[in-house]
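Okay, structure first, notes after.
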Number of protein chains: 2
Amino acid sequence: MSNMKRAITLKDIARETGVHVSTVSRALDPNGRSALTEDVVMRIRETAQRMGYRPNRLASGLRTSRTMTVGIVIPDITNTIFPPILRGVESLLEPLGYASIIVNTDNAVEREARLLDVLRERGVDGIVHAAVPREDPRIDDVVSRGTPVVTVNRRLDRPGIPAIVSDEEHGISLLMEHLHAAGHRRIAHIAGPEALSTGQARLRAFGQTAARLGIEAPTGSTIHALRFHEREGMRCSGELLDRGVPFTALVCANDRLALGAIQALGARGLTCPGDVSVTGFNDMPFLDLIPPGLTTVRIAQYDVGQAAAQVLLRLMTGRADEVAPETVLPVQLVCRGTVGPPRG
Amino acid sequence: MSNMKRAITLKDIARETGVHVSTVSRALDPNGRSALTEDVVMRIRETAQRMGYRPNRLASGLRTSRTMTVGIVIPDITNTIFPPILRGVESLLEPLGYASIIVNTDNAVEREARLLDVLRERGVDGIVHAAVPREDPRIDDVVSRGTPVVTVNRRLDRPGIPAIVSDEEHGISLLMEHLHAAGHRRIAHIAGPEALSTGQARLRAFGQTAARLGIEAPTGSTIHALRFHEREGMRCSGELLDRGVPFTALVCANDRLALGAIQALGARGLTCPGDVSVTGFNDMPFLDLIPPGLTTVRIAQYDVGQAAAQVLLRLMTGRADEVAPETVLPVQLVCRGTVGPPRG
DNA sequence: TTGAAAGCGCTAACAA
DNA sequence: TTGTTAGCGCTTTCAA
């Protein structure tokens, strides 16, 4: 508190080296093709280094409207599939000098709106949005202000915003083929929230694959979870059971729903996979350590983050033409203990 | 891309309402005790609202050196104990309008140094540091520039920087009393990294509690892990076994080390808790779902984050006098399946 | 090849 | 009670 050091500015370096601030600015410009004497550049750089100069991003950002800061919007950082995505994003952006402002929406639209404002106020150069609902009018606002957005994991219904997603269709079909091969013919589905592209895509894939495999999917064999949450998995599997529609396997739209479903099954005296086989989606971290081992589909969480960063980088540096409207990453079937032959 | 909306500025509102920018600035000042006509204030606020005005934090930050942005330094976001801490911090800061820049050090000093610069360049108002080593000369630099720092989970050796920690001593003693009550007299310890306060504090508590309980802690019954990582847990328990020092229980400095240790035990044909009882520390998320259920000490992860935010807030608003040099949060013994009676 | 000057949007003396 | 003015630190056009 006593003696507070003032930050070193271009002016300080200018005074020290006896040149004008603008010359210092030019010498320190990383792209720095501005025809300065080699000697002057060297002297300035060395002095800057010696004095511990760090650029003031507020000042340069105010001037150039580039802050070297990006916003990352996720539903909830305590959901374990997001941290690897963040690390993936960071792995490309951080070495380039970008910092990340991370915000949690908890899937609440009003929170999302406020948090997008938080990012806007700070002039982020771009946004990685991993919490976007299928319809999100706010995104247009953001983009129309010149801030590029890329969605991750989820996508908007309408085109226009680049998205990085996993191959949901293939994932669901791998799962269902696996169940089919194990002998299952009556398969129920706990679908994800209708408002999210993942929920919708997996549900549609469920229907299509069922048809392709010639599996009956009677009315009532599908139910929508309101959130991707264990509790919803419990509630939905309970309701499925109450309906009396017979099924020997249960395809859940993600791992958390599956975990909840298995628990609810147990509470009713049913075993997994003895009485009903269950599958998940995502292969979230630590899933392999939880018995009986959920059979699921692994999405490339880290890669998805990297791909998002790559796309955003192009968008932020005026190379929008190099960006695919949608990038679909491959998935992988992970067979563990929750799938067995159907009972009886 | 076509029609890029320009952001609304104070000037726009001034023009619209027919007053001077400074008047607008005053009217919109949240603390706003600046003697303006009630009527004018209302008109300006309403206009700002209607036009969708959002303050430019770069500009105000440049002027006031308060950015309403904080930095959060953690070792690795994929380590599940950190997300709850972040949510705790955010729960207080976000409603106040603060944004968080989150950086991962991977416990590498050179990364930490660079990342602190990243935060500095952006003029963060304060830093929550959850990745601090016992000795960290860089912290003084940061603080001497006027940026308050509070450490979380870990603390510096020397005083001066407020810390929020959990009661490591009590945690270890709860664990060891529990083992002692179960009949264990030969207890080994996998200590955490020496460079971290958590490693050191738990090791010291181990020694003190052993002495108090009259337990022999022969040479070689303690080993230092180089990182808080499953692989180190495996390596260390293997080496402990190789040394031939007999033990019936193994106190690990955290859950990850314990998880690794149990796995290594299994690889050698030893069972837990049959052959050796094992304990952890932290009670990380999902631990309860992993068999046989690690007996551990629960730290209040979310609360620790909240407490850190509280302290930082005081530091940032000139109420340093209200800040305790150290805040120690209570812990709780969580008994699960990895502790049983000693063999033979 | 370098310097001078303007200005990004905001706040805070100081004046009136 | 409101307006004027200066300036935070930086980049960039224009001049020299």
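Letters A, B, ... go to the chains of the structure tokens in the order shown; residues in each chain start at 1; ligands are counted from 1 in the same order.
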#### Entry: Counting only C-alpha atoms, chain B residues within 7 Å of chain A, as a list of chain:residue names
B:Met1, B:Met4, B:Lys5, B:Arg6, B:Arg54, B:Pro55, B:Asn56, B:Arg57, B:Leu58, B:Ala59, B:Leu62, B:Ile77, B:Thr78, B:Pro83, B:Pro84, B:Ala99, B:Ser100, B:Ile101, B:Ile102, B:Val118, B:Glu121, B:Arg122, B:Ser144, B:Arg145, B:Gly146, B:Leu289, B:Ile290
Atoms to include: N, CA and C atoms. Write the selected residues as a PDB file, in the first residue's frame.
```
ATOM      1  N   MET B   1     -22.275  -8.676 -41.093  1.00  0.00           N
ATOM      2  CA  MET B   1     -21.136  -7.951 -41.637  1.00  0.00           C
ATOM      3  C   MET B   1     -21.561  -6.683 -42.368  1.00  0.00           C
ATOM      4  N   MET B   4     -23.019  -2.727 -39.789  1.00  0.00           N
ATOM      5  CA  MET B   4     -22.547  -2.908 -38.425  1.00  0.00           C
ATOM      6  C   MET B   4     -22.996  -1.758 -37.547  1.00  0.00           C
ATOM      7  N   LYS B   5     -23.808  -2.086 -36.564  1.00  0.00           N
ATOM      8  CA  LYS B   5     -24.277  -1.054 -35.639  1.00  0.00           C
ATOM      9  C   LYS B   5     -23.133  -0.512 -34.795  1.00  0.00           C
ATOM     10  N   ARG B   6     -23.096   0.799 -34.674  1.00  0.00           N
ATOM     11  CA  ARG B   6     -22.115   1.411 -33.798  1.00  0.00           C
ATOM     12  C   ARG B   6     -22.674   1.360 -32.369  1.00  0.00           C
ATOM     13  N   ARG B  54     -24.867   0.754 -23.149  1.00  0.00           N
ATOM     14  CA  ARG B  54     -24.043  -0.052 -22.247  1.00  0.00           C
ATOM     15  C   ARG B  54     -22.734   0.692 -22.080  1.00  0.00           C
ATOM     16  N   PRO B  55     -22.288   0.883 -20.857  1.00  0.00           N
ATOM     17  CA  PRO B  55     -21.038   1.624 -20.655  1.00  0.00           C
ATOM     18  C   PRO B  55     -19.864   0.912 -21.313  1.00  0.00           C
ATOM     19  N   ASN B  56     -18.934   1.660 -21.795  1.00  0.00           N
ATOM     20  CA  ASN B  56     -17.708   1.114 -22.343  1.00  0.00           C
ATOM     21  C   ASN B  56     -16.697   1.006 -21.201  1.00  0.00           C
ATOM     22  N   ARG B  57     -16.493  -0.260 -20.765  1.00  0.00           N
ATOM     23  CA  ARG B  57     -15.621  -0.475 -19.602  1.00  0.00           C
ATOM     24  C   ARG B  57     -14.162  -0.180 -19.903  1.00  0.00           C
ATOM     25  N   LEU B  58     -13.805  -0.230 -21.159  1.00  0.00           N
ATOM     26  CA  LEU B  58     -12.430   0.104 -21.509  1.00  0.00           C
ATOM     27  C   LEU B  58     -12.201   1.577 -21.234  1.00  0.00           C
ATOM     28  N   ALA B  59     -13.135   2.380 -21.697  1.00  0.00           N
ATOM     29  CA  ALA B  59     -12.988   3.820 -21.540  1.00  0.00           C
ATOM     30  C   ALA B  59     -13.032   4.223 -20.071  1.00  0.00           C
ATOM     31  N   LEU B  62      -9.972   2.994 -18.322  1.00  0.00           N
ATOM     32  CA  LEU B  62      -8.774   3.766 -18.666  1.00  0.00           C
ATOM     33  C   LEU B  62      -8.730   5.045 -17.834  1.00  0.00           C
ATOM     34  N   ILE B  77      -8.577 -26.076 -14.560  1.00  0.00           N
ATOM     35  CA  ILE B  77     -10.027 -26.087 -14.448  1.00  0.00           C
ATOM     36  C   ILE B  77     -10.613 -27.502 -14.555  1.00  0.00           C
ATOM     37  N   THR B  78      -9.868 -28.428 -15.152  1.00  0.00           N
ATOM     38  CA  THR B  78     -10.411 -29.796 -15.257  1.00  0.00           C
ATOM     39  C   THR B  78     -10.269 -30.560 -13.941  1.00  0.00           C
ATOM     40  N   PRO B  83     -14.051 -25.875 -10.100  1.00  0.00           N
ATOM     41  CA  PRO B  83     -15.312 -25.273 -10.545  1.00  0.00           C
ATOM     42  C   PRO B  83     -16.245 -24.811  -9.425  1.00  0.00           C
ATOM     43  N   PRO B  84     -16.437 -25.599  -8.368  1.00  0.00           N
ATOM     44  CA  PRO B  84     -17.295 -25.082  -7.294  1.00  0.00           C
ATOM     45  C   PRO B  84     -16.720 -23.837  -6.635  1.00  0.00           C
ATOM     46  N   ALA B  99     -16.771  -9.126 -13.993  1.00  0.00           N
ATOM     47  CA  ALA B  99     -16.518 -10.255 -14.881  1.00  0.00           C
ATOM     48  C   ALA B  99     -15.222 -10.914 -14.422  1.00  0.00           C
ATOM     49  N   SER B 100     -15.043 -12.188 -14.761  1.00  0.00           N
ATOM     50  CA  SER B 100     -13.852 -12.914 -14.315  1.00  0.00           C
ATOM     51  C   SER B 100     -13.031 -13.430 -15.479  1.00  0.00           C
ATOM     52  N   ILE B 101     -11.765 -13.085 -15.462  1.00  0.00           N
ATOM     53  CA  ILE B 101     -10.829 -13.689 -16.407  1.00  0.00           C
ATOM     54  C   ILE B 101     -10.177 -14.858 -15.683  1.00  0.00           C
ATOM     55  N   ILE B 102     -10.340 -16.053 -16.234  1.00  0.00           N
ATOM     56  CA  ILE B 102      -9.841 -17.255 -15.570  1.00  0.00           C
ATOM     57  C   ILE B 102      -8.642 -17.811 -16.323  1.00  0.00           C
ATOM     58  N   VAL B 118      -0.814 -11.275 -18.187  1.00  0.00           N
ATOM     59  CA  VAL B 118      -2.056 -11.200 -18.960  1.00  0.00           C
ATOM     60  C   VAL B 118      -3.122 -10.448 -18.161  1.00  0.00           C
ATOM     61  N   GLU B 121      -2.091  -6.619 -17.766  1.00  0.00           N
ATOM     62  CA  GLU B 121      -2.324  -5.826 -18.976  1.00  0.00           C
ATOM     63  C   GLU B 121      -3.777  -5.382 -19.096  1.00  0.00           C
ATOM     64  N   ARG B 122      -4.667  -6.206 -18.543  1.00  0.00           N
ATOM     65  CA  ARG B 122      -6.090  -5.887 -18.649  1.00  0.00           C
ATOM     66  C   ARG B 122      -6.616  -5.126 -17.445  1.00  0.00           C
ATOM     67  N   SER B 144       2.189  -4.592  -5.211  1.00  0.00           N
ATOM     68  CA  SER B 144       2.831  -3.274  -5.140  1.00  0.00           C
ATOM     69  C   SER B 144       2.346  -2.366  -6.264  1.00  0.00           C
ATOM     70  N   ARG B 145       1.705  -2.934  -7.254  1.00  0.00           N
ATOM     71  CA  ARG B 145       1.117  -2.111  -8.312  1.00  0.00           C
ATOM     72  C   ARG B 145      -0.311  -1.711  -7.972  1.00  0.00           C
ATOM     73  N   GLY B 146      -0.743  -2.127  -6.774  1.00  0.00           N
ATOM     74  CA  GLY B 146      -2.067  -1.694  -6.356  1.00  0.00           C
ATOM     75  C   GLY B 146      -3.184  -2.681  -6.637  1.00  0.00           C
ATOM     76  N   LEU B 289     -19.531 -41.510  -5.861  1.00  0.00           N
ATOM     77  CA  LEU B 289     -20.022 -42.526  -6.801  1.00  0.00           C
ATOM     78  C   LEU B 289     -18.962 -43.560  -7.169  1.00  0.00           C
ATOM     79  N   ILE B 290     -17.731 -43.285  -6.746  1.00  0.00           N
ATOM     80  CA  ILE B 290     -16.639 -44.184  -7.123  1.00  0.00           C
ATOM     81  C   ILE B 290     -16.370 -45.200  -6.012  1.00  0.00           C
TER      82      ILE B 290
END
```
### Task
Provide as an MDAnalysis selection string the residues of chain C at most 10 Å from chain B, counting only C-alpha atoms (C1' of nucleotides).
chainID C and resid 8:12
Take the residues from that selection and put them in a file with C-alpha atoms (C1' of nucleotides), as a PDB file, in the first residue's frame.
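What landed in part.pdb:
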```pdb
ATOM      1  C1'  DC C   8     -11.191   6.280 -28.928  1.00  0.00           C
ATOM      2  C1'  DG C   9     -15.327   6.975 -24.508  1.00  0.00           C
ATOM      3  C1'  DC C  10     -15.261   8.098 -20.234  1.00  0.00           C
ATOM      4  C1'  DT C  11     -14.710  10.759 -15.566  1.00  0.00           C
ATOM      5  C1'  DA C  12     -13.493  14.456 -12.593  1.00  0.00           C
TER       6       DA C  12
END
```
Within 8 Å of chain B, which residues of chain D show up when using only C-alpha atoms (C1' of nucleotides), listed as a short mmCIF file (atom, residue, chain, number, x, y, z; two decimals) with N, CA and C atoms (P, O5', C5', C4', C3', O3' and C1' of nucleotides), in the first residue's frame?
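Saved as out-v5.cif:
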```
data_model
loop_
_atom_site.label_atom_id
_atom_site.label_comp_id
_atom_site.auth_asym_id
_atom_site.auth_seq_id
_atom_site.Cartn_x
_atom_site.Cartn_y
_atom_site.Cartn_z
P DT D 1 -29.55 21.16 -6.80
"O5'" DT D 1 -29.34 20.85 -8.36
"C5'" DT D 1 -30.25 21.36 -9.28
"C4'" DT D 1 -29.46 21.86 -10.44
"C3'" DT D 1 -28.97 20.75 -11.40
"O3'" DT D 1 -29.72 20.88 -12.58
"C1'" DT D 1 -27.30 22.41 -10.98
P DT D 2 -29.59 19.95 -13.81
"O5'" DT D 2 -28.29 20.49 -14.53
"C5'" DT D 2 -28.42 21.45 -15.56
"C4'" DT D 2 -27.05 21.90 -15.98
"C3'" DT D 2 -26.33 20.97 -16.95
"O3'" DT D 2 -26.40 21.59 -18.23
"C1'" DT D 2 -24.87 21.95 -15.36
P DG D 3 -25.70 20.93 -19.50
"O5'" DG D 3 -24.34 21.78 -19.56
"C5'" DG D 3 -24.43 23.19 -19.65
"C4'" DG D 3 -23.05 23.79 -19.77
"C3'" DG D 3 -22.19 23.16 -20.88
"O3'" DG D 3 -21.45 24.21 -21.52
"C1'" DG D 3 -21.09 22.92 -18.80
P DC D 8 -2.60 11.85 -18.85
"O5'" DC D 8 -2.93 10.37 -18.40
"C5'" DC D 8 -3.67 10.06 -17.23
"C4'" DC D 8 -4.50 8.82 -17.48
"C3'" DC D 8 -3.85 7.85 -18.46
"O3'" DC D 8 -3.14 6.86 -17.71
"C1'" DC D 8 -6.19 8.20 -18.97
P DG D 9 -1.53 6.71 -17.92
"O5'" DG D 9 -1.45 5.90 -19.28
"C5'" DG D 9 -1.99 4.59 -19.34
"C4'" DG D 9 -2.05 4.15 -20.79
"C3'" DG D 9 -0.72 4.22 -21.52
"O3'" DG D 9 -0.48 2.93 -22.06
"C1'" DG D 9 -2.43 5.26 -22.78
#
```
### Filtered DSSP result for region 47-282 of chain B, state strand (DSSP E or B), as a ChimeraX atom specification
/B:69-74,99-104,126-129,149-152,163-166,186-191,216,222-224,249-252,277-279,282
#### Entry: Every residue of region 221-276 of chain A that DSSP places in helix (DSSP H, G or I), as a PyMOL selection string
chain A and resi 230-243+255-267
Find the residues near region 259-264 of chain B: any atom within 6 Å, counting only C-alpha atoms (C1' of nucleotides), skip ones fewer than 2 places away on the same chain, and give them as an mmCIF file with N, CA and C atoms, in the first residue's frame.
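Final output, result_10.cif:
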```
data_model
loop_
_atom_site.group_PDB
_atom_site.id
_atom_site.type_symbol
_atom_site.label_atom_id
_atom_site.label_comp_id
_atom_site.auth_asym_id
_atom_site.auth_seq_id
_atom_site.Cartn_x
_atom_site.Cartn_y
_atom_site.Cartn_z
ATOM 1 N N GLU B 230 -3.168 -38.581 -9.693
ATOM 2 C CA GLU B 230 -3.348 -40.019 -9.524
ATOM 3 C C GLU B 230 -2.045 -40.789 -9.780
ATOM 4 N N ARG B 231 -1.346 -40.416 -10.830
ATOM 5 C CA ARG B 231 -0.125 -41.146 -11.172
ATOM 6 C C ARG B 231 0.903 -41.080 -10.050
ATOM 7 N N GLY B 233 0.145 -40.753 -6.953
ATOM 8 C CA GLY B 233 -0.394 -41.617 -5.908
ATOM 9 C C GLY B 233 0.021 -43.060 -6.144
ATOM 10 N N MET B 234 -0.006 -43.457 -7.388
ATOM 11 C CA MET B 234 0.402 -44.813 -7.734
ATOM 12 C C MET B 234 1.887 -45.010 -7.463
ATOM 13 N N SER B 237 2.673 -44.937 -3.559
ATOM 14 C CA SER B 237 2.248 -46.098 -2.777
ATOM 15 C C SER B 237 3.108 -47.297 -3.150
ATOM 16 N N ARG B 256 -7.022 -37.315 -5.089
ATOM 17 C CA ARG B 256 -6.442 -37.837 -6.327
ATOM 18 C C ARG B 256 -5.280 -38.772 -6.028
ATOM 19 N N LEU B 257 -4.459 -38.394 -5.056
ATOM 20 C CA LEU B 257 -3.371 -39.278 -4.651
ATOM 21 C C LEU B 257 -3.951 -40.589 -4.125
ATOM 22 N N GLY B 266 -4.293 -52.312 -5.747
ATOM 23 C CA GLY B 266 -4.999 -53.371 -6.465
ATOM 24 C C GLY B 266 -4.086 -54.085 -7.440
ATOM 25 N N ALA B 267 -3.232 -53.305 -8.105
ATOM 26 C CA ALA B 267 -2.320 -53.879 -9.088
ATOM 27 C C ALA B 267 -1.337 -54.841 -8.434
#
```
### Query
So how far away is CA of Glu169 (chain A) from CA of Ala130 (chain A), in Å?
19.3 Å
### Message
List the spatial neighbours of Pro325 (chain A) as a PyMOL selection string - criterion: any atom at most 10 Å away, only C-alpha atoms (C1' of nucleotides), same-chain residues fewer than 6 positions off excluded.
### Response
chain A and resi 150+159-164+311
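Between CA of Ala113 (chain A) and CA of Pro95 (chain B) there is a distance of 13.5 Å.
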Excluding DA6 (chain C) and residues on its chain fewer than 6 positions from it, collect all residues at most 12 Å away from it, counting only C-alpha atoms (C1' of nucleotides), and give them as a PDB file with N, CA and C atoms (P, O5', C5', C4', C3', O3' and C1' of nucleotides), in the first residue's frame.
```
ATOM      1  N   ARG A  63      -8.592   2.384 -28.434  1.00  0.00           N
ATOM      2  CA  ARG A  63      -8.171   2.992 -29.695  1.00  0.00           C
ATOM      3  C   ARG A  63      -8.517   2.106 -30.904  1.00  0.00           C
TER       4      ARG A  63
ATOM      5  P    DT D  11      -0.561   0.559 -29.261  1.00  0.00           P
ATOM      6  O5'  DT D  11      -1.369   1.388 -30.360  1.00  0.00           O
ATOM      7  C5'  DT D  11      -2.663   0.950 -30.704  1.00  0.00           C
ATOM      8  C4'  DT D  11      -3.241   1.840 -31.770  1.00  0.00           C
ATOM      9  C3'  DT D  11      -2.580   1.749 -33.139  1.00  0.00           C
ATOM     10  O3'  DT D  11      -3.641   1.812 -34.078  1.00  0.00           O
ATOM     11  C1'  DT D  11      -2.599   3.985 -32.431  1.00  0.00           C
ATOM     12  P    DT D  12      -3.463   1.224 -35.539  1.00  0.00           P
ATOM     13  O5'  DT D  12      -3.624   2.501 -36.466  1.00  0.00           O
ATOM     14  C5'  DT D  12      -4.680   3.428 -36.178  1.00  0.00           C
ATOM     15  C4'  DT D  12      -4.427   4.726 -36.897  1.00  0.00           C
ATOM     16  C3'  DT D  12      -3.584   4.581 -38.177  1.00  0.00           C
ATOM     17  O3'  DT D  12      -4.101   5.474 -39.136  1.00  0.00           O
ATOM     18  C1'  DT D  12      -2.604   6.160 -36.771  1.00  0.00           C
ATOM     19  P    DT D  13      -4.108   5.024 -40.665  1.00  0.00           P
ATOM     20  O5'  DT D  13      -4.402   6.434 -41.391  1.00  0.00           O
ATOM     21  C5'  DT D  13      -5.450   7.245 -40.898  1.00  0.00           C
ATOM     22  C4'  DT D  13      -5.003   8.692 -40.811  1.00  0.00           C
ATOM     23  C3'  DT D  13      -4.353   9.205 -42.107  1.00  0.00           C
ATOM     24  O3'  DT D  13      -5.011  10.411 -42.495  1.00  0.00           O
ATOM     25  C1'  DT D  13      -2.998   9.700 -40.230  1.00  0.00           C
ATOM     26  P    DC D  14      -4.792  10.982 -44.000  1.00  0.00           P
ATOM     27  O5'  DC D  14      -3.782  12.172 -43.688  1.00  0.00           O
ATOM     28  C5'  DC D  14      -4.066  13.057 -42.611  1.00  0.00           C
ATOM     29  C4'  DC D  14      -2.829  13.858 -42.285  1.00  0.00           C
ATOM     30  C3'  DC D  14      -2.055  14.320 -43.518  1.00  0.00           C
ATOM     31  O3'  DC D  14      -1.942  15.733 -43.486  1.00  0.00           O
ATOM     32  C1'  DC D  14      -0.607  13.348 -41.903  1.00  0.00           C
TER      33       DC D  14
END
```
### Non-local contacts of Pro75 (chain A) (6 Å; only C-alpha atoms (C1' of nucleotides); under 3 positions in same chain excluded) as a PyMOL selection string
chain A and resi 104-107+131
Could you write those residues out with N, CA and C atoms, as a short mmCIF file (atom, residue, chain, number, x, y, z; two decimals), in the first residue's frame?
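And here's out_1.cif as it stands now:
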```cif
data_model
loop_
_atom_site.label_atom_id
_atom_site.label_comp_id
_atom_site.auth_asym_id
_atom_site.auth_seq_id
_atom_site.Cartn_x
_atom_site.Cartn_y
_atom_site.Cartn_z
N ASN A 104 -21.23 -18.18 -16.70
CA ASN A 104 -22.15 -19.32 -16.57
C ASN A 104 -23.60 -18.87 -16.68
N THR A 105 -24.34 -19.44 -17.61
CA THR A 105 -25.72 -19.01 -17.79
C THR A 105 -26.72 -19.79 -16.96
N ASP A 106 -26.33 -20.97 -16.50
CA ASP A 106 -27.27 -21.87 -15.85
C ASP A 106 -28.49 -22.12 -16.74
N ASN A 107 -28.29 -22.01 -18.02
CA ASN A 107 -29.37 -22.20 -19.00
C ASN A 107 -30.57 -21.29 -18.75
N ALA A 131 -23.54 -22.49 -24.73
CA ALA A 131 -24.79 -22.59 -23.97
C ALA A 131 -25.96 -22.04 -24.78
#
```
### Task
Using only C-alpha atoms (C1' of nucleotides), determine which residues lie at most 8 Å from region 221-226 of chain B, disregarding the query and same-chain residues fewer than 3 positions distant; provide the list as a PyMOL selection string.
chain B and resi 187-194+217-218+232-233+236+240+245+247
